[in-house]
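Following: one structure in C-alpha cells, then a few remarks.
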Amino acid sequence: MIKLASIIPHSPILIPSIGKKNYSILKKTQKSFQKIKEDIIKEDLDTIIIISPHQKKIKGVTINNHFQFKINFEEFGDYSSKTNFPGDLIMSYQLKELAEPDFWIELQAEETPDHGTTVPLYSLLTDDGQKIKEFKGKIIIINTTPNKDLRYHFNLGQKLKLKLEKSSRKIGILASGELSHCLNHNAPGGFYQKAVWFDEKTIEHLKKGSAGIEAFLETDPKIALEAKECGLRPIALLLGLLPTNYKTETLSYQKELGVGYLSMKIILD
C-alpha cells in the first residue's frame with residue numbers, strides 16, 4: 001500500500017560539501033526535505049520507490065535491480081559523503097512482470113546510481129551521513145525515458161499501481177526532478193522567456209490534485225524541451241501510481257539559482 005508520495009528536486013547543491021555558498025540559498029528546500037524525512041520516519045516504510053529522469057540507456061523505462069546501492073558523490077569531488085541501501089529485488093522483478101506485455105521495462109543492475117537518485121536518498125535517509133535508524137526498508141530505482149511522452153509514463157504508473165495497491169508492504173514514492181533550468185540569465189540552461197510561465201503553469205496543474213492531471217499531461221512538449229525541465233516524466237509516472245483522489249501541498253518552490261526546485265507533498269486519502 002502506498003503510504004507516502006512526494007515530488008522533490010535532486011540538485012547536488014543540496015549536499016553541503018558540494019553546494020557550499022549556494023547551499024545556504026536553498027534553505028526553504030532543505031526545510032521541505034526535513035518535513036518529508038519526518039513523514040518517512042512516521043510511516044515506517046518497507047520500500048521506497050524513487051523515480052529519476054537520468055539513465056544511460058534511453059530505449060525505454062528501466063528498473064535498477066541491484067541488491068545494494070552505493071551512494072556517493074565522488075563525481076562532484078566529495079569523497080566523504082557516502083552510504084548504502086539495499087535494493088528490493090523481489091518487488092522490482094514483480095513490477096517488470098506486471099508491466100509486460102503492455103509496457104517494455106528493462107532491468108539493470110548498477111551498484112552506483114547517479115545524482116538523480118543519490119541526492120534525495122542521502123538527504124532524506126541520513127543525518128550528517130549516518131543512516132537514520134528509523135528506516136530499515138529497501139530501495140527501488142525507476143528511470144524514465146525521454147523517448148516516451150508524459151501520458152505513456154502516466155499509463156505505466158496506472159498499470160504498476162495494480163501491484164502496489166495490493167501489496168502488504170508500506171511503500172513511499174519519490175518523483176525526483178526539477179522544473180525549468182532556464183529561469184534567469186544566470187541559469188545553467190541559459191534564459192528562456194517562457195520558463196517562468198512554464199513552471200507556474202506546471203505547479204498550478206499539480207496544485208489541483210487529481211483534477212489537474214489531464215492538463216498536466218497535455219503540457220506542450222516543445223515548451224517543456226525549451227524550458228529544459230527534467231522532472232515532468234517522473235512526476236507523470238508518480239501521478240499514475242496514485243489513488244484516484246488525492247490532494248497536494250506545496251512545501252517550497254525556489255528559483256533563485258535559475259532552476260525550478262519544487263518540493264511538493266502528496267496528501268493521500
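Numbering starts fresh at 1 for the residues of each chain in the C-alpha cells, the chains themselves are lettered A, B, ... in the order given, and ligands are numbered from 1 as they appear.
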**Message:** Can you tell me which residues surround stretch 204-208 of chain A at a distance of at most 6 Å, considering only C-alpha atoms, apart from same-chain residues fewer than 4 positions away, and format the answer as number ranges by chain?
**Reply:** A: 212, 216, 248
**Prompt:** Got a sec: who's within 10 Å of A:Trp197, counting only C-alpha atoms, leaving out chain neighbours fewer than 6 positions off, as JSON, numbers by chain?
**Reply:** {"A": [180, 183, 203, 227]}
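Secondary structure from DSSP on the backbone puts strand (DSSP E) at the following positions of stretch 105-252 of chain A: Ile105, Glu106, Leu107, Gln108, Thr126, Asp127, Gln130, Lys131, Lys138, Ile139, Ile140, Ile141, Ile142, Asn143, Ile171, Gly172, Ile173, Leu174, Ala175, Ser176, Tyr246, Lys247, Thr248, Glu249, Thr250, Leu251 and Ser252 of chain A.
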**Asked** What lies within 9 Å of A:Ser167 using only C-alpha atoms, ignoring chain neighbours under 5 positions off, as number ranges by chain?
**Response** A: 1-2, 162
Just all heavy atoms for this one: save the residues we selected as an mmCIF file, in the first residue's frame.
```cif
data_model
loop_
_atom_site.group_PDB
_atom_site.id
_atom_site.type_symbol
_atom_site.label_atom_id
_atom_site.label_comp_id
_atom_site.auth_asym_id
_atom_site.auth_seq_id
_atom_site.Cartn_x
_atom_site.Cartn_y
_atom_site.Cartn_z
ATOM 1 N N MET A 1 0.839 -1.194 0.000
ATOM 2 C CA MET A 1 0.000 0.000 0.000
ATOM 3 C C MET A 1 0.879 1.250 0.000
ATOM 4 O O MET A 1 1.887 1.317 0.700
ATOM 5 C CB MET A 1 -0.914 0.014 1.241
ATOM 6 C CG MET A 1 -1.798 1.248 1.339
ATOM 7 S SD MET A 1 -2.823 1.254 2.816
ATOM 8 C CE MET A 1 -3.867 -0.168 2.484
ATOM 9 N N ILE A 2 0.484 2.224 -0.800
ATOM 10 C CA ILE A 2 1.237 3.475 -0.856
ATOM 11 C C ILE A 2 0.883 4.337 0.352
ATOM 12 O O ILE A 2 -0.275 4.676 0.562
ATOM 13 C CB ILE A 2 0.932 4.235 -2.160
ATOM 14 C CG1 ILE A 2 1.333 3.389 -3.373
ATOM 15 C CG2 ILE A 2 1.667 5.572 -2.189
ATOM 16 C CD1 ILE A 2 0.902 3.972 -4.699
ATOM 17 N N LEU A 162 -1.540 -1.406 -9.819
ATOM 18 C CA LEU A 162 -2.286 -2.625 -9.502
ATOM 19 C C LEU A 162 -1.520 -3.490 -8.502
ATOM 20 O O LEU A 162 -2.118 -4.148 -7.644
ATOM 21 C CB LEU A 162 -2.562 -3.415 -10.785
ATOM 22 C CG LEU A 162 -3.397 -2.700 -11.851
ATOM 23 C CD1 LEU A 162 -3.488 -3.552 -13.105
ATOM 24 C CD2 LEU A 162 -4.785 -2.379 -11.316
#
```
Please, which residues in stretch 27-61 of chain A fall within 10 Å of stretch 139-150 of chain A when counting only C-alpha atoms, and what is the closest atom pair and distance in Å to one decimal for each, ordered by chain then residue number, as a tab-separated table?
```
residue	atom	partner	partner_atom	distance
A:Asp46	CA	A:Ile139	CA	8.8
A:Thr47	CA	A:Ile139	CA	5.7
A:Ile48	CA	A:Ile139	CA	5.0
A:Ile49	CA	A:Ile140	CA	4.6
A:Ile50	CA	A:Ile141	CA	5.1
A:Ile51	CA	A:Ile142	CA	4.8
A:Ser52	CA	A:Asn143	CA	4.9
A:Pro53	CA	A:Thr144	CA	5.1
A:His54	CA	A:Asn143	CA	6.1
A:Gln55	CA	A:Asn143	CA	6.0
A:Lys56	CA	A:Asn143	CA	9.4
A:Lys57	CA	A:Thr145	CA	8.4
A:Ile58	CA	A:Thr145	CA	5.5
A:Lys59	CA	A:Asn147	CA	6.7
A:Gly60	CA	A:Thr145	CA	5.3
A:Val61	CA	A:Thr144	CA	4.8
```
So which residues touch A:Ile15 within 10 Å, counting only C-alpha atoms, skipping near sequence neighbours fewer than 2 positions away, as a tab-separated table (two decimals) with N, CA and C atoms, in the first residue's frame?
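Done, and the output landed in out-v6.tsv:
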```
chain	number	residue	atom	x	y	z
A	10	HIS	N	16.70	17.30	-7.10
A	10	HIS	CA	17.85	16.43	-6.86
A	10	HIS	C	19.18	17.12	-7.13
A	11	SER	N	19.20	18.43	-7.01
A	11	SER	CA	20.44	19.15	-7.31
A	11	SER	C	21.55	18.78	-6.33
A	12	PRO	N	22.76	18.52	-6.83
A	12	PRO	CA	23.91	18.24	-5.94
A	12	PRO	C	24.19	19.39	-4.98
A	13	ILE	N	23.69	20.58	-5.30
A	13	ILE	CA	23.88	21.73	-4.41
A	13	ILE	C	23.27	21.48	-3.05
A	17	SER	N	28.70	19.90	1.25
A	17	SER	CA	30.09	19.96	0.80
A	17	SER	C	30.21	20.32	-0.67
A	18	ILE	N	29.12	20.11	-1.43
A	18	ILE	CA	29.12	20.43	-2.85
A	18	ILE	C	28.53	21.81	-3.09
A	19	GLY	N	27.41	22.10	-2.44
A	19	GLY	CA	26.73	23.37	-2.65
A	19	GLY	C	27.49	24.57	-2.13
A	20	LYS	N	28.20	24.38	-0.98
A	20	LYS	CA	28.97	25.45	-0.35
A	20	LYS	C	28.12	26.71	-0.19
A	23	TYR	N	24.49	26.44	-1.07
A	23	TYR	CA	23.70	25.57	-0.21
A	23	TYR	C	22.79	26.38	0.70
A	30	GLN	N	15.63	22.80	1.87
A	30	GLN	CA	16.16	21.96	2.95
A	30	GLN	C	15.10	21.71	4.01
A	73	PHE	N	29.30	10.76	-3.85
A	73	PHE	CA	29.33	11.95	-4.70
A	73	PHE	C	30.74	12.24	-5.19
A	78	ASP	N	33.43	15.07	-3.83
A	78	ASP	CA	33.15	14.80	-2.42
A	78	ASP	C	33.40	13.31	-2.18
A	81	SER	N	31.11	11.99	1.80
A	81	SER	CA	29.67	11.77	1.97
A	81	SER	C	29.27	10.50	1.23
A	119	VAL	N	21.21	12.07	-4.44
A	119	VAL	CA	20.98	13.29	-3.66
A	119	VAL	C	19.73	13.18	-2.78
A	120	PRO	N	18.56	12.79	-3.35
A	120	PRO	CA	17.38	12.66	-2.49
A	120	PRO	C	17.53	11.60	-1.40
A	122	TYR	N	20.26	10.38	0.02
A	122	TYR	CA	21.22	10.80	1.04
A	122	TYR	C	20.60	11.89	1.93
A	123	SER	N	19.88	12.83	1.31
A	123	SER	CA	19.30	13.94	2.06
A	123	SER	C	18.15	13.51	2.96
```
Could you produce a table of the residues of stretch 168-239 of chain A lying within 12 Å of stretch 90-99 of chain A, with the nearest pair of atoms per residue and their separation in Å rounded to one decimal, using only C-alpha atoms, ordered by chain and increasing residue number, as a Markdown table?
```
| residue | atom | partner | partner_atom | distance |
| --- | --- | --- | --- | --- |
| A:Ser168 | CA | A:Met91 | CA | 11.6 |
| A:Arg169 | CA | A:Met91 | CA | 9.9 |
| A:Ile171 | CA | A:Met91 | CA | 10.9 |
```
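Taking only C-alpha atoms, the non-local environment of A:Leu251 within 12 Å (same-chain residues fewer than 3 positions away omitted) comprises Ser6, Ile7, Ile8, Pro9, Lys27, Lys28, Thr29, Gln30, Lys31, Ser32, Phe33, Gln34, Lys35, Ile36, Ile203, Lys207, Thr248, Gln254, Tyr261, Leu262, Ser263, Met264, Lys265, Ile266 and Ile267 of chain A.
In this structure, atom CA of A:Lys37 sits 23.0 Å away from atom CA of A:Asn64.
Atom CA of A:Glu111 lies 6.3 Å from atom CA of A:Gln68.
The gap separating atom CA of A:Leu26 from atom CA of A:Gly231 is 18.1 Å, in Å to one decimal.
Proximity of A:Ile235, A:Leu14, A:Ile71, A:Ala109 to A:Gly177, computed with only C-alpha atoms, is greatest for A:Ile235.
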**Request:** Can you check which residues of stretch 107-198 of chain A DSSP gives as alpha helix (DSSP H) on the backbone and send them as a ChimeraX atom specification?
**Result:** /A:115-125,150-166,195-198
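Each of A:Asp199, A:Glu226, A:Glu214, A:Glu110 was checked against A:Thr62 using only C-alpha atoms; the smallest atom-to-atom distance is that of A:Glu110.
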